[in-house]
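Q: Structure file start.pdb (PDB, C-alpha atoms and all ligand atoms) is given on the next line.
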```
ATOM      1  CA  MET P   1       8.620 -58.822  22.954
ATOM      2  CA  SER P   2      11.152 -58.311  25.715
ATOM      3  CA  GLU P   3      10.682 -56.583  29.070
ATOM      4  CA  ALA P   4      11.517 -52.846  29.301
ATOM      5  CA  GLY P   5      15.277 -52.305  29.345
ATOM      6  CA  LYS P   6      16.069 -56.011  28.952
ATOM      7  CA  THR P   7      16.378 -56.234  25.167
ATOM      8  CA  LYS P   8      19.287 -58.517  24.245
ATOM      9  CA  PHE P   9      19.420 -57.990  20.490
ATOM     10  CA  GLN P  10      19.442 -54.731  18.639
ATOM     11  CA  ILE P  11      15.972 -54.220  17.204
ATOM     12  CA  ASP P  12      15.857 -51.367  14.747
ATOM     13  CA  LEU P  13      12.993 -48.944  14.372
ATOM     14  CA  ARG P  14      11.651 -50.361  11.090
ATOM     15  CA  ARG P  15      11.685 -53.921  12.366
ATOM     16  CA  PHE P  16      10.017 -52.875  15.604
ATOM     17  CA  LEU P  17       7.238 -51.101  13.707
ATOM     18  CA  ARG P  18       6.807 -54.146  11.469
ATOM     19  CA  GLU P  19       6.547 -56.398  14.517
ATOM     20  CA  GLN P  20       3.925 -54.064  15.975
ATOM     21  CA  GLU P  21       1.999 -54.615  12.713
ATOM     22  CA  GLU P  22       1.889 -50.912  12.117
ATOM     23  CA  ASP P  23       0.304 -49.531   8.958
ATOM     24  CA  ARG P  24       2.965 -49.611   6.201
ATOM     25  CA  ASP P  25       2.499 -45.954   5.295
ATOM     26  CA  LEU P  26       2.802 -44.887   8.922
ATOM     27  CA  THR P  27       5.934 -47.019   9.274
ATOM     28  CA  ARG P  28       7.372 -45.331   6.221
ATOM     29  CA  LEU P  29       6.507 -41.887   7.544
ATOM     30  CA  ILE P  30       8.044 -42.480  10.983
ATOM     31  CA  CYS P  31      11.216 -43.939   9.447
ATOM     32  CA  GLU P  32      11.573 -40.995   7.031
ATOM     33  CA  ILE P  33      11.215 -38.537   9.917
ATOM     34  CA  SER P  34      13.744 -40.474  11.973
ATOM     35  CA  ASP P  35      16.213 -40.149   9.096
ATOM     36  CA  ALA P  36      15.972 -36.347   9.301
ATOM     37  CA  SER P  37      17.721 -36.506  12.683
ATOM     38  CA  LYS P  38      21.029 -37.569  11.082
ATOM     39  CA  TYR P  39      21.166 -34.366   9.071
ATOM     40  CA  ILE P  40      19.878 -32.203  11.913
ATOM     41  CA  ILE P  41      22.526 -33.403  14.378
ATOM     42  CA  ASN P  42      25.169 -32.813  11.741
ATOM     43  CA  SER P  43      23.909 -29.240  11.285
ATOM     44  CA  ILE P  44      23.839 -28.673  15.056
ATOM     45  CA  ARG P  45      27.387 -29.967  15.464
ATOM     46  CA  THR P  46      28.954 -28.123  12.578
ATOM     47  CA  GLY P  47      26.466 -25.524  11.354
ATOM     48  CA  ASP P  48      26.225 -21.769  11.414
ATOM     49  CA  LEU P  49      24.875 -20.432  14.730
ATOM     50  CA  GLY P  50      23.970 -17.053  13.245
ATOM     51  CA  VAL P  51      20.572 -15.614  12.448
ATOM     52  CA  ALA P  52      18.920 -16.358   9.121
ATOM     53  CA  GLY P  53      17.577 -12.818   8.667
ATOM     54  CA  THR P  54      13.982 -14.086   8.654
ATOM     55  CA  SER P  55      11.297 -14.462  11.315
ATOM     56  CA  ASN P  56       8.857 -17.266  12.064
ATOM     57  CA  LEU P  57       5.089 -17.437  12.555
ATOM     58  CA  TYR P  58       5.422 -15.715  15.948
ATOM     59  CA  GLY P  59       7.727 -12.917  14.817
ATOM     60  CA  GLU P  60      10.704 -14.562  16.521
ATOM     61  CA  GLN P  61      14.011 -14.171  14.732
ATOM     62  CA  GLN P  62      14.966 -17.432  13.051
ATOM     63  CA  LEU P  63      18.388 -18.974  13.389
ATOM     64  CA  ALA P  64      20.003 -20.398  10.275
ATOM     65  CA  LEU P  65      19.698 -23.746  12.088
ATOM     66  CA  ASP P  66      15.916 -23.381  12.530
ATOM     67  CA  VAL P  67      15.515 -22.757   8.817
ATOM     68  CA  LEU P  68      17.833 -25.597   7.854
ATOM     69  CA  SER P  69      16.179 -28.096  10.232
ATOM     70  CA  ASP P  70      12.784 -27.112   8.850
ATOM     71  CA  ARG P  71      13.959 -27.808   5.304
ATOM     72  CA  ILE P  72      15.452 -31.146   6.341
ATOM     73  CA  VAL P  73      12.233 -32.374   7.982
ATOM     74  CA  ARG P  74      10.011 -31.017   5.212
ATOM     75  CA  LYS P  75      12.055 -32.811   2.569
ATOM     76  CA  ARG P  76      11.675 -36.111   4.431
ATOM     77  CA  LEU P  77       7.927 -35.614   4.802
ATOM     78  CA  ILE P  78       7.561 -34.939   1.091
ATOM     79  CA  ASN P  79       9.815 -37.910   0.334
ATOM     80  CA  SER P  80       7.602 -40.260   2.319
ATOM     81  CA  GLY P  81       4.888 -40.006  -0.358
ATOM     82  CA  VAL P  82       2.151 -40.454   2.273
ATOM     83  CA  VAL P  83       1.610 -36.909   3.498
ATOM     84  CA  ALA P  84      -1.377 -34.643   2.729
ATOM     85  CA  ASN P  85      -0.754 -31.441   4.738
ATOM     86  CA  ILE P  86       2.111 -30.206   6.823
ATOM     87  CA  ALA P  87       2.468 -27.374   9.315
ATOM     88  CA  SER P  88       5.780 -26.314  10.779
ATOM     89  CA  GLU P  89       6.400 -24.033  13.734
ATOM     90  CA  GLU P  90       8.795 -22.207  11.450
ATOM     91  CA  THR P  91       6.427 -21.411   8.563
ATOM     92  CA  LYS P  92       3.308 -19.329   8.375
ATOM     93  CA  ASP P  93       0.857 -21.618   6.614
ATOM     94  CA  ILE P  94      -0.373 -25.146   6.270
ATOM     95  CA  ILE P  95       1.308 -26.540   3.155
ATOM     96  CA  THR P  96      -0.456 -29.105   1.010
ATOM     97  CA  VAL P  97       1.946 -31.772  -0.205
ATOM     98  CA  ASP P  98      -0.499 -34.234  -1.792
ATOM     99  CA  PRO P  99      -4.278 -33.892  -1.342
ATOM    100  CA  LYS P 100      -4.525 -37.706  -1.524
ATOM    101  CA  GLY P 101      -1.886 -38.277   1.172
ATOM    102  CA  LYS P 102      -2.942 -40.488   4.067
ATOM    103  CA  TYR P 103      -1.426 -38.480   6.952
ATOM    104  CA  SER P 104      -0.908 -34.878   8.003
ATOM    105  CA  VAL P 105       1.957 -33.724  10.159
ATOM    106  CA  ALA P 106       2.602 -30.778  12.500
ATOM    107  CA  TYR P 107       6.195 -30.399  13.636
ATOM    108  CA  ASP P 108       8.667 -28.208  15.456
ATOM    109  CA  PRO P 109      11.932 -28.912  13.612
ATOM    110  CA  LEU P 110      14.283 -27.563  16.284
ATOM    111  CA  ASP P 111      12.605 -26.866  19.598
ATOM    112  CA  GLY P 112      14.749 -24.992  22.099
ATOM    113  CA  SER P 113      17.039 -23.640  19.410
ATOM    114  CA  SER P 114      18.021 -20.718  21.658
ATOM    115  CA  LEU P 115      19.941 -23.340  23.681
ATOM    116  CA  VAL P 116      22.221 -24.421  20.826
ATOM    117  CA  ASP P 117      24.742 -21.596  21.351
ATOM    118  CA  VAL P 118      25.192 -22.620  24.991
ATOM    119  CA  ASN P 119      25.451 -26.277  23.961
ATOM    120  CA  LEU P 120      22.396 -27.576  25.807
ATOM    121  CA  ALA P 121      20.075 -30.274  24.492
ATOM    122  CA  VAL P 122      17.409 -29.557  21.861
ATOM    123  CA  GLY P 123      14.960 -31.658  19.871
ATOM    124  CA  THR P 124      12.481 -32.180  17.049
ATOM    125  CA  ILE P 125       8.794 -32.724  17.947
ATOM    126  CA  VAL P 126       6.261 -34.357  15.604
ATOM    127  CA  SER P 127       2.485 -34.834  15.702
ATOM    128  CA  ILE P 128       0.716 -37.079  13.156
ATOM    129  CA  PHE P 129      -2.987 -37.137  12.234
ATOM    130  CA  GLU P 130      -4.767 -39.350   9.753
ATOM    131  CA  GLY P 131      -6.391 -37.422   6.876
ATOM    132  CA  PRO P 132      -5.904 -33.800   5.851
ATOM    133  CA  ASP P 133      -7.149 -31.988   8.994
ATOM    134  CA  LEU P 134      -4.502 -30.623  11.349
ATOM    135  CA  LEU P 135      -6.857 -28.551  13.498
ATOM    136  CA  GLN P 136      -8.285 -31.478  15.441
ATOM    137  CA  PRO P 137      -8.137 -32.168  19.181
ATOM    138  CA  GLY P 138      -4.888 -33.890  20.073
ATOM    139  CA  ARG P 139      -6.652 -37.077  21.188
ATOM    140  CA  LYS P 140      -7.188 -37.769  17.459
ATOM    141  CA  GLN P 141      -3.428 -38.044  16.817
ATOM    142  CA  VAL P 142      -2.439 -41.448  15.432
ATOM    143  CA  ALA P 143       1.189 -41.030  16.419
ATOM    144  CA  ALA P 144       3.553 -38.627  18.134
ATOM    145  CA  MET P 145       7.311 -38.615  18.432
ATOM    146  CA  TYR P 146      10.353 -36.575  19.336
ATOM    147  CA  MET P 147      14.034 -36.811  18.661
ATOM    148  CA  LEU P 148      16.372 -35.517  21.343
ATOM    149  CA  TYR P 149      19.814 -34.207  20.453
ATOM    150  CA  GLY P 150      21.749 -34.388  23.706
ATOM    151  CA  PRO P 151      24.994 -36.177  24.534
ATOM    152  CA  ARG P 152      23.183 -39.082  22.845
ATOM    153  CA  THR P 153      20.575 -38.920  20.107
ATOM    154  CA  THR P 154      17.367 -40.676  21.056
ATOM    155  CA  LEU P 155      13.931 -41.078  19.534
ATOM    156  CA  VAL P 156      10.725 -41.594  21.494
ATOM    157  CA  PHE P 157       7.474 -42.469  19.756
ATOM    158  CA  SER P 158       4.007 -43.856  20.243
ATOM    159  CA  THR P 159       1.352 -45.015  17.826
ATOM    160  CA  GLY P 160      -1.091 -45.638  20.664
ATOM    161  CA  LYS P 161       0.540 -48.951  21.632
ATOM    162  CA  GLY P 162       2.822 -47.792  24.421
ATOM    163  CA  VAL P 163       5.805 -45.452  24.386
ATOM    164  CA  HIS P 164       9.175 -46.662  23.178
ATOM    165  CA  GLU P 165      12.662 -45.193  23.263
ATOM    166  CA  PHE P 166      15.300 -45.825  20.619
ATOM    167  CA  GLY P 167      18.939 -44.742  20.649
ATOM    168  CA  MET P 168      21.115 -43.876  17.681
ATOM    169  CA  ASN P 169      24.005 -46.357  17.358
ATOM    170  CA  GLN P 170      27.422 -45.948  15.701
ATOM    171  CA  LEU P 171      25.880 -46.778  12.322
ATOM    172  CA  MET P 172      23.365 -43.952  12.857
ATOM    173  CA  GLU P 173      20.513 -46.433  13.108
ATOM    174  CA  PHE P 174      17.879 -46.209  15.813
ATOM    175  CA  THR P 175      17.767 -49.349  17.945
ATOM    176  CA  LEU P 176      15.417 -50.144  20.804
ATOM    177  CA  ASN P 177      16.478 -48.994  24.287
ATOM    178  CA  TYR P 178      13.206 -49.230  26.222
ATOM    179  CA  GLU P 179       9.924 -50.748  25.264
ATOM    180  CA  ASN P 180       6.695 -49.638  26.969
ATOM    181  CA  LEU P 181       8.063 -46.818  29.090
ATOM    182  CA  HIS P 182       5.627 -46.326  31.937
ATOM    183  CA  MET P 183       5.444 -43.654  34.626
ATOM    184  CA  ASP P 184       5.489 -44.719  38.278
ATOM    185  CA  GLY P 185       2.266 -44.096  40.146
ATOM    186  CA  GLY P 186       3.641 -41.846  42.920
ATOM    187  CA  ARG P 187       4.329 -38.204  43.501
ATOM    188  CA  ALA P 188       6.767 -36.139  41.427
ATOM    189  CA  LYS P 189      10.251 -35.987  42.930
ATOM    190  CA  ILE P 190      11.406 -33.482  40.320
ATOM    191  CA  TYR P 191       9.723 -30.431  38.808
ATOM    192  CA  SER P 192      10.522 -28.199  35.833
ATOM    193  CA  PRO P 193       8.825 -24.800  36.033
ATOM    194  CA  GLY P 194       8.821 -22.631  32.896
ATOM    195  CA  GLY P 195       8.118 -18.893  32.792
ATOM    196  CA  GLN P 196       8.832 -16.219  35.391
ATOM    197  CA  ARG P 197       7.581 -17.132  38.852
ATOM    198  CA  SER P 198       6.648 -13.533  39.685
ATOM    199  CA  GLN P 199       4.124 -13.793  36.813
ATOM    200  CA  TYR P 200       2.457 -16.980  38.139
ATOM    201  CA  SER P 201      -1.194 -16.900  39.186
ATOM    202  CA  SER P 202      -2.085 -17.581  42.830
ATOM    203  CA  GLY P 203      -3.142 -21.177  41.948
ATOM    204  CA  THR P 204       0.109 -21.974  40.148
ATOM    205  CA  GLU P 205       2.134 -20.445  42.992
ATOM    206  CA  LYS P 206       0.222 -22.560  45.506
ATOM    207  CA  PHE P 207       0.795 -25.688  43.390
ATOM    208  CA  VAL P 208       4.543 -25.063  43.129
ATOM    209  CA  ARG P 209       4.834 -24.444  46.875
ATOM    210  CA  GLN P 210       2.979 -27.700  47.573
ATOM    211  CA  ILE P 211       5.201 -29.825  45.346
ATOM    212  CA  GLU P 212       8.267 -28.176  46.878
ATOM    213  CA  ASN P 213       6.892 -28.972  50.334
ATOM    214  CA  ASN P 214       6.373 -32.546  49.141
ATOM    215  CA  GLY P 215      10.127 -32.681  48.559
ATOM    216  CA  ALA P 216      10.304 -32.254  44.771
ATOM    217  CA  LYS P 217      13.650 -30.944  43.459
ATOM    218  CA  LEU P 218      14.074 -28.339  40.731
ATOM    219  CA  ARG P 219      15.292 -29.853  37.432
ATOM    220  CA  TYR P 220      14.775 -27.461  34.529
ATOM    221  CA  SER P 221      16.911 -27.297  31.391
ATOM    222  CA  GLY P 222      14.879 -24.736  29.438
ATOM    223  CA  GLY P 223      14.395 -27.137  26.517
ATOM    224  CA  PHE P 224      10.942 -28.657  26.247
ATOM    225  CA  VAL P 225      12.165 -31.916  24.688
ATOM    226  CA  PRO P 226      14.888 -32.724  27.266
ATOM    227  CA  ASP P 227      12.619 -31.581  30.110
ATOM    228  CA  ILE P 228       9.803 -33.902  29.018
ATOM    229  CA  ASN P 229      12.247 -36.693  28.240
ATOM    230  CA  GLN P 230      13.541 -36.422  31.802
ATOM    231  CA  VAL P 231      10.024 -36.897  33.211
ATOM    232  CA  LEU P 232       9.369 -39.868  30.935
ATOM    233  CA  LEU P 233      12.678 -41.647  31.498
ATOM    234  CA  LYS P 234      12.737 -40.959  35.260
ATOM    235  CA  ARG P 235       9.145 -42.223  35.223
ATOM    236  CA  GLN P 236       7.994 -39.357  37.444
ATOM    237  CA  GLY P 237       8.090 -35.579  37.642
ATOM    238  CA  VAL P 238       6.066 -32.616  36.517
ATOM    239  CA  PHE P 239       6.752 -29.938  33.897
ATOM    240  CA  LEU P 240       4.787 -26.720  33.799
ATOM    241  CA  TYR P 241       4.690 -23.694  31.553
ATOM    242  CA  PRO P 242       1.633 -22.058  33.086
ATOM    243  CA  HIS P 243      -0.607 -19.117  32.269
ATOM    244  CA  LEU P 244       1.288 -15.957  33.215
ATOM    245  CA  GLN P 245      -0.096 -12.555  34.174
ATOM    246  CA  ASP P 246       1.390 -11.035  31.013
ATOM    247  CA  HIS P 247       0.814 -14.173  28.851
ATOM    248  CA  PRO P 248      -2.531 -15.754  29.797
ATOM    249  CA  GLN P 249      -2.028 -18.512  27.213
ATOM    250  CA  GLY P 250       1.479 -19.354  28.394
ATOM    251  CA  LYS P 251       4.137 -19.790  25.734
ATOM    252  CA  LEU P 252       4.007 -23.243  24.229
ATOM    253  CA  ARG P 253       2.140 -24.126  21.044
ATOM    254  CA  VAL P 254      -0.725 -26.608  21.046
ATOM    255  CA  LEU P 255      -0.087 -28.136  17.626
ATOM    256  CA  PHE P 256       3.667 -28.312  17.601
ATOM    257  CA  GLU P 257       4.561 -28.885  21.240
ATOM    258  CA  LEU P 258       1.687 -29.644  23.603
ATOM    259  CA  ASN P 259      -0.368 -32.171  21.631
ATOM    260  CA  PRO P 260       2.467 -34.561  20.802
ATOM    261  CA  MET P 261       3.983 -34.420  24.312
ATOM    262  CA  ALA P 262       0.564 -34.837  25.975
ATOM    263  CA  TYR P 263      -0.100 -37.873  23.754
ATOM    264  CA  LEU P 264       3.225 -39.471  24.726
ATOM    265  CA  ILE P 265       2.904 -38.752  28.450
ATOM    266  CA  GLU P 266      -0.692 -40.018  28.572
ATOM    267  CA  GLN P 267       0.351 -43.149  26.694
ATOM    268  CA  ALA P 268       2.949 -43.675  29.415
ATOM    269  CA  GLY P 269       0.320 -43.384  32.163
ATOM    270  CA  GLY P 270       0.853 -39.707  33.013
ATOM    271  CA  ALA P 271      -1.447 -36.721  32.497
ATOM    272  CA  ALA P 272      -1.417 -33.330  30.745
ATOM    273  CA  SER P 273      -3.723 -30.408  31.483
ATOM    274  CA  ASN P 274      -3.942 -26.693  30.811
ATOM    275  CA  GLY P 275      -4.955 -26.361  34.467
ATOM    276  CA  ARG P 276      -8.658 -26.707  33.755
ATOM    277  CA  GLN P 277      -8.934 -29.146  30.857
ATOM    278  CA  ARG P 278      -7.099 -32.108  29.352
ATOM    279  CA  ILE P 279      -4.650 -30.853  26.709
ATOM    280  CA  LEU P 280      -5.752 -33.566  24.256
ATOM    281  CA  ASP P 281      -9.344 -32.267  24.384
ATOM    282  CA  LEU P 282      -8.454 -28.718  23.299
ATOM    283  CA  LYS P 283      -9.818 -27.903  19.838
ATOM    284  CA  PRO P 284      -7.263 -25.641  18.152
ATOM    285  CA  GLU P 285      -8.704 -22.744  16.173
ATOM    286  CA  SER P 286      -5.483 -21.976  14.359
ATOM    287  CA  ILE P 287      -2.015 -23.411  13.993
ATOM    288  CA  GLU P 288      -0.784 -20.559  16.195
ATOM    289  CA  ASP P 289      -2.775 -21.541  19.303
ATOM    290  CA  ARG P 290      -0.894 -21.625  22.580
ATOM    291  CA  ALA P 291      -1.966 -22.985  25.967
ATOM    292  CA  PRO P 292      -0.642 -23.310  29.494
ATOM    293  CA  ILE P 293       0.523 -26.804  30.423
ATOM    294  CA  PHE P 294       0.977 -28.955  33.530
ATOM    295  CA  ILE P 295       2.289 -32.358  32.436
ATOM    296  CA  GLY P 296       3.781 -35.477  34.014
ATOM    297  CA  SER P 297       2.898 -37.531  37.089
ATOM    298  CA  LYS P 298      -0.887 -37.869  37.259
ATOM    299  CA  GLU P 299      -1.245 -37.112  40.970
ATOM    300  CA  ASP P 300       0.599 -33.814  40.597
ATOM    301  CA  VAL P 301      -1.239 -32.736  37.453
ATOM    302  CA  GLU P 302      -4.468 -33.342  39.382
ATOM    303  CA  LEU P 303      -3.085 -31.288  42.273
ATOM    304  CA  ALA P 304      -2.332 -28.457  39.821
ATOM    305  CA  GLU P 305      -5.929 -28.609  38.550
ATOM    306  CA  ARG P 306      -7.270 -28.380  42.109
ATOM    307  CA  CYS P 307      -5.042 -25.377  42.888
ATOM    308  CA  ILE P 308      -6.071 -23.625  39.648
ATOM    309  CA  ALA P 309      -9.786 -24.350  40.305
ATOM    310  CA  GLU P 310      -9.468 -22.515  43.637
ATOM    311  CA  GLU P 311      -8.462 -19.391  41.701
ATOM    312  CA  GLY P 312     -12.058 -19.275  40.479
TER     313      GLY P 312
HETATM  314  P1  LIG X   1      12.916 -21.905  22.792
HETATM  315  O1  LIG X   1      12.160 -20.606  22.909
HETATM  316  O2  LIG X   1      14.359 -21.809  23.176
HETATM  317  O3  LIG X   1      12.737 -22.567  21.436
HETATM  318  O4  LIG X   1       8.967 -23.419  22.805
HETATM  319  C1  LIG X   1      10.245 -23.162  22.810
HETATM  320  C2  LIG X   1      10.992 -23.211  24.132
HETATM  321  O5  LIG X   1      12.301 -22.924  23.906
HETATM  322  C3  LIG X   1      10.865 -24.576  24.859
HETATM  323  O6  LIG X   1      11.760 -25.540  24.375
HETATM  324  C4  LIG X   1      11.105 -24.230  26.309
HETATM  325  O7  LIG X   1      10.471 -25.104  27.207
HETATM  326  C5  LIG X   1      10.542 -22.847  26.413
HETATM  327  O8  LIG X   1      10.484 -22.296  25.090
HETATM  328  C6  LIG X   1      11.396 -21.963  27.284
HETATM  329  O9  LIG X   1      10.805 -20.721  27.406
HETATM  330  P2  LIG X   1      11.455 -19.464  28.166
HETATM  331  O10 LIG X   1      12.395 -18.859  27.175
HETATM  332  O11 LIG X   1      10.324 -18.590  28.495
HETATM  333  O12 LIG X   1      12.170 -19.980  29.363
END
```
Go through the file and emit its structure as structure tokens.
A:
Amino acid sequence: MSEAGKTKFQIDLRRFLREQEEDRDLTRLICEISDASKYIINSIRTGDLGVAGTSNLYGEQQLALDVLSDRIVRKRLINSGVVANIASEETKDIITVDPKGKYSVAYDPLDGSSLVDVNLAVGTIVSIFEGPDLLQPGRKQVAAMYMLYGPRTTLVFSTGKGVHEFGMNQLMEFTLNYENLHMDGGRAKIYSPGGQRSQYSSGTEKFVRQIENNGAKLRYSGGFVPDINQVLLKRQGVFLYPHLQDHPQGKLRVLFELNPMAYLIEQAGGAASNGRQRILDLKPESIEDRAPIFIGSKEDVELAERCIAEEG
């Protein structure tokens, strides 16, 4: 295989997975999910921006686009023929597709959808487990991926053999951009802080002041997928959505957002913590679980943990 960023020929996603000798069912599943992106970007570009008149698992009003994206991904998962259970950020329950299916999938069909009306980037996040159980610690994931709908459409995935980025070409096929994306060892030069700063704990405030003093620049889009993608592709940086005084569990969901991103960032040599514990070691009690997160350059995630530990 070629060096990162030096690929001469267009290698498409299916061929890449075949060359990695990936399980055929997992290859099929990842390719089906990747196909959903074609329909989702079409809906984003041309679809109705209004509300659907329904609410999701968290009581948030759903946009027509959230509902549509959910249906698009679900259809692809069912189509794959290899899925046991699915859980979507947009629905209330775990849905059994086929009790004999090899994999189970948790997904956020359109993360950051409140950014669509202001034309900022959004994405789809996917977490894959083997077997029927979705309430396992994230370290048991067999694959994680996201698709980012920005000026370009890209797909980033890992099956535990490095992290790879694909770009959608004019034929709407995903071809390899970067193989084995790896974070640099040093300090974060950029940081993306979620939540209201006045609600930060003393440890989080201390951490943010330290990284600012270390020279890190603010780079926050408000979309979890583009913000994490920035850290991964810049090979450094730290994203946080911490515990807040009025939301001790932060905002982001363990199953749909934190587990898959923590898996990808760790695979790329970074780290992800809730401030006290590795994200991938959290054992979710329900599909609704949320947790704080500090994710990105290892040195800075460790610094966050030290600052939080001082809180007592
Ligand atoms: P959104 O509510 O727009 O869907 O989890 C969803 C998310 O966006 C993330 O993409 C983003 O990082 C975060 O919430 C932003 O939260 P705030 O609205 O609190 O800034």
Q: Translate the PyMOL selection byres (((chain P and resi 123-128) around 8) and not hetatm), as applied to the file shown, into an explicit residue set as a VMD selection string.
A: chain P and resid 103 to 112 121 to 122 129 to 130 141 to 149 225 to 226 255 to 257 259 to 260
Q: Please measure the separation of CA of Arg15 (chain P) and CA of Ile78 (chain P), giving the value in Å to one decimal.
A: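 Calculated distance between CA of Arg15 (chain P) and CA of Ile78 (chain P) is 22.5 Å.
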Q: Just so the selection is clear, what residues does the PyMOL selection byres (((not hetatm)) within 6 of (chain X and resi 1)) cover here, as a ChimeraX atom specification?
A: /P:111-115,194-195,222-224,252
Q: Place a sphere of radius 8 Å on (5.7, -22.1, 31.3) in the file coordinates and name every protein, DNA or RNA residue with an atom inside or on its surface, counting all atoms listed in the file; give the answer as a list of chain:residue names.
A: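 Those residues lying close to the given coordinates are P:Pro193, P:Gly194, P:Gly195, P:Gln196, P:Leu240, P:Tyr241, P:Pro242, P:His243, P:Leu244, P:Gly250, P:Lys251, P:Leu252, P:Pro292, P:Ile293.
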Q: Contacts of Ile228 (chain P) at 9 Å or less, counting all atoms listed in the file, minus same-chain residues fewer than 6 places along, as a list in words?
A: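 The residues satisfying every condition are Ser192, Gly237, Val238, Phe239, Met261, Ile265, Ile295 and Gly296 of chain P.
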Q: List as a VMD selection string the protein and nucleic acid residues near region 164-172 of chain P, meaning an atom at most 10 Å away when only C-alpha atoms are counted, but skip any in the same chain fewer than 5 places from it.
A: chain P and resid 4 to 5 10 to 13 16 34 to 35 37 to 38 145 to 148 152 to 159 177 to 182 229 232 to 233 264 268
Q: Under the PyMOL selection byres (((chain P and resi 297) around 9) and not hetatm), which residues of this model are included? Write them out as a list in words.
A: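 When the PyMOL selection byres (((chain P and resi 297) around 9) and not hetatm) is applied to the shown file, the picked residues are Met183, Asp184, Gly185, Gly186, Arg187, Ala188, Val231, Arg235, Gln236, Gly237, Val238, Ile265, Gly269, Gly270, Ala271, Ala272, Ile295, Gly296, Lys298, Glu299, Asp300, Val301 and Glu302 of chain P.
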Q: What is the distance between CA of Glu266 (chain P) and CA of Arg306 (chain P), in Å to one decimal?
A: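 Going from CA of Glu266 (chain P) over to CA of Arg306 (chain P), I get 19.0 Å.
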Q: Between P:Lys161, P:Arg197, P:Arg278, P:Arg74, which has the minimum distance to Gln20 (chain P) (counting all atoms listed in the file)?
A: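 Counting all atoms listed in the file, the residue closest to Gln20 (chain P) is P:Lys161.
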